[in-house]
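A.B. asks: Sending over a structure as structure tokens; questions will come in a sec.
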Amino acid sequence: MAENDSSRTPQTASRARNRFDMGLTLTTTRQGRKTLLKDSTYDTPTRSTSDVAELLKLGAVVEADDKENSSEETGAHAAAGQDIYGFQRRVVRKRGASSLRGRSTRGRRGGTVKASRGRPSKDAENEDDDDDEEEEPLVPTNNGSSSDEADGADNAYAEHLDFAQTGPTYERYFQGLHTTRAPKTSDNTLSKLPTQSLSETHAILKSVPLKHKHELQLLESLHRRQFRQWYFELSNKFNLVFYGYGSKRRLINMFASQCSDAPVVIINGYFPALNLKQTLEKIASEALELSATGSVADIAALIHGYFESKSRAIDHMYVVVHNIDGLCLRKHQAALSVLASSPRIHFLASVDHIEAPLIWDTSSITKFNWIWHDLTTFEPYTVETSYENLSTETKEIGPRGVLHVLASLTENAKGVFRVLAEFQIAESIMDTKQSAEMPYNSYFTMCRDQFLVSSETTFRSQLTEFRDHKVIQSRHTPDGTEFVFIPLPSSTLETILESM
């Protein structure tokens, strides 16, 4: 068959090719792969043996063309991978496959691909056998010496940085997934910062320069012009409340110092351990010479009744309350309103909380009979915040911290705290001590008798909660006895119990 084919004349081959073109239609996809090989409408019912042979050879040529297209595309992708990631493709040549040379295509990804009209010769097939390639997986490049490897790694990293800035977005995303250099994370923590004492904190705050000095002096002079107006309003049985940004303590004290026609009582509501009951007792005993006992409301009613009586020794009195919206005074607004309702007690107060008016109900507002004044000073709250725990090295908790801890606990836990606090207050009154210690067994027995705990395990868990927040501490004697105590003075404990 091969000899007959090779001995044909050009005219005979041309006629056979024409018959072949008339009888068959070759359809390919955009990638150059054969999809359909069918008879056309001009096909005759019978074909010669030579036409079938021509058909088989043409099919083999098309398959070889597809293989070569696939190998070229794979080689292009391998070259791109070698440029980006530093890999090379190891190629092993294999004999026994055929390829097509002299083909004509219309673009790599174009439309129809047509096979050449001439049949490939045996010499061309033998030459194309060496062109088929079998691909192996990608392997890293190894060029020998360690110095060359280091230089290659630096060059690869430089190419990596350059590609990360100029390469396509999708390629840079996948390249970032293969980055070998991990980002550095700092191991600095807040615990490594140096501690600062309370004296150092105040020294730093005092060293801060005062800004807008002339403007602040002008603002203060404008407020001082209102002193006569304030005095006139007080004499007409009104009470004054001051609001605004900045500390108002200095200006109010300056005005109170000019009210020399009656005693002046100043209550610092910003003090975290303020005890209003003790304060009213001192007013009644020292200023009015009265013997006051009972609750805060009882003492306030006693003072109010004194100024209503005609046998009073003092005609009227000024009461100044700085930060009447303080934590220690928020629950005693009813008692303070009783004092302010007396026409002979002139009441002056300041507020700093933005929601301060919400602590008064309709009855309290009526008794206070306020006149509001804007007293913006832009002065720092140096004195008001001096009692705050600003030190980073102290290990004790203040009264405000205790109240925050108690607010997050159950009623039984608050009762456990109340038992120990009342015991220390009673011991300090009897033994004139600031604090007292309670044996652990006695403490557990009292809490169990009041149905605050049901077992020692529950009692231990409650104590652990207080110990973690430094509210309750304990110590062991040489004989093994455990004592528990609250590291706060009795006056502070009374304030905390009143605020609970």
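Just remember, in the structure tokens the first chain shown is A, the second B, etc., residues are 1-based per chain, and ligands are 1-based in the order shown.
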Do you know which residues are at most 12 Å from Met438 of chain A counting only C-alpha atoms, after dropping those on the same chain fewer than 5 positions away, and could you put them as an NGL selection string?

C.D. replies: :A and (419-427 or 443-446 or 472-476 or 481-486)

A.B. asks: Write out as a PyMOL selection string the residues lying within 7 Å of segment 266-274 of chain A, counting only C-alpha atoms and excluding same-chain residues fewer than 4 positions away.

C.D. replies: chain A and resi 319-324+326+328-329+384+387+399-400+492+495

A.B. asks: What is the distance between atom CA of Phe368 of chain A and atom CA of Ala335 of chain A, in Å to one decimal?

C.D. replies: 10.8 Å

A.B. asks: Among segment 418-457 of chain A, which ones does DSSP place in alpha helix (DSSP H), written as a PyMOL selection string?

C.D. replies: chain A and resi 418-431+440-449+456-457

A.B. asks: What is the atom CA of Phe451 of chain A to atom CA of Gly294 of chain A distance in Å?

C.D. replies: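 Atom-to-atom, atom CA of Phe451 of chain A to atom CA of Gly294 of chain A, that is 28.1 Å.
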
A.B. asks: From a backbone DSSP assignment, name each residue in segment 218-444 of chain A labelled strand (DSSP E), as a list in words.

C.D. replies: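 Secondary structure check on segment 218-444 of chain A, strand (DSSP E): Asn239, Leu240, Val241, Phe242, Tyr243, Val264, Val265, Ile266, Ile267, Asn268, Met317, Tyr318, Val319, Val320, Val321, His322, Ile345, His346, Phe347, Leu348, Ala349, Ser350, Trp370, Ile371, Trp372, His373, Asp374, Met438 and Pro439 of chain A.
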
A.B. asks: Could you save the residues just selected, with C-alpha atoms, as a compact mmCIF listing (two decimals), in the first residue's frame?

C.D. replies:
# COMPACT_ATOMS: atom_id res chain seq x y z
CA ASN A 239 -30.82 77.29 96.19
CA LEU A 240 -28.05 77.31 93.60
CA VAL A 241 -26.66 74.46 91.52
CA PHE A 242 -23.63 74.96 89.25
CA TYR A 243 -22.73 72.97 86.15
CA VAL A 264 -20.62 77.76 106.33
CA VAL A 265 -20.49 73.96 106.09
CA ILE A 266 -18.60 72.41 103.15
CA ILE A 267 -19.22 68.78 102.16
CA ASN A 268 -16.84 67.17 99.65
CA MET A 317 -26.59 78.57 107.71
CA TYR A 318 -24.84 77.99 104.36
CA VAL A 319 -24.27 74.43 103.14
CA VAL A 320 -21.90 73.88 100.20
CA VAL A 321 -21.83 70.42 98.59
CA HIS A 322 -19.16 69.82 95.98
CA ILE A 345 -30.51 76.80 105.10
CA HIS A 346 -28.92 78.23 101.97
CA PHE A 347 -27.86 75.33 99.76
CA LEU A 348 -25.12 75.51 97.09
CA ALA A 349 -24.13 72.44 95.05
CA SER A 350 -22.15 71.51 91.95
CA TRP A 370 -32.82 75.05 92.24
CA ILE A 371 -31.57 77.92 90.14
CA TRP A 372 -29.09 76.64 87.58
CA HIS A 373 -25.89 78.55 86.72
CA ASP A 374 -23.27 77.78 84.10
CA MET A 438 -12.22 37.48 112.26
CA PRO A 439 -11.41 33.76 112.64

A.B. asks: Give me, please, the distance in Å between atom CA of Ala292 of chain A and atom CA of Leu327 of chain A, quoted to one decimal.

C.D. replies: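 Separating atom CA of Ala292 of chain A from atom CA of Leu327 of chain A is a distance of 24.2 Å.
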
A.B. asks: Identify, on the basis of only C-alpha atoms, every residue whose closest approach to Lys237 of chain A does not exceed 9 Å; exclude the query and any residue fewer than 3 positions from it along the same chain; express the result as JSON, numbers by chain.

C.D. replies: {"A": [233, 234, 342, 343, 344, 345, 346, 369]}
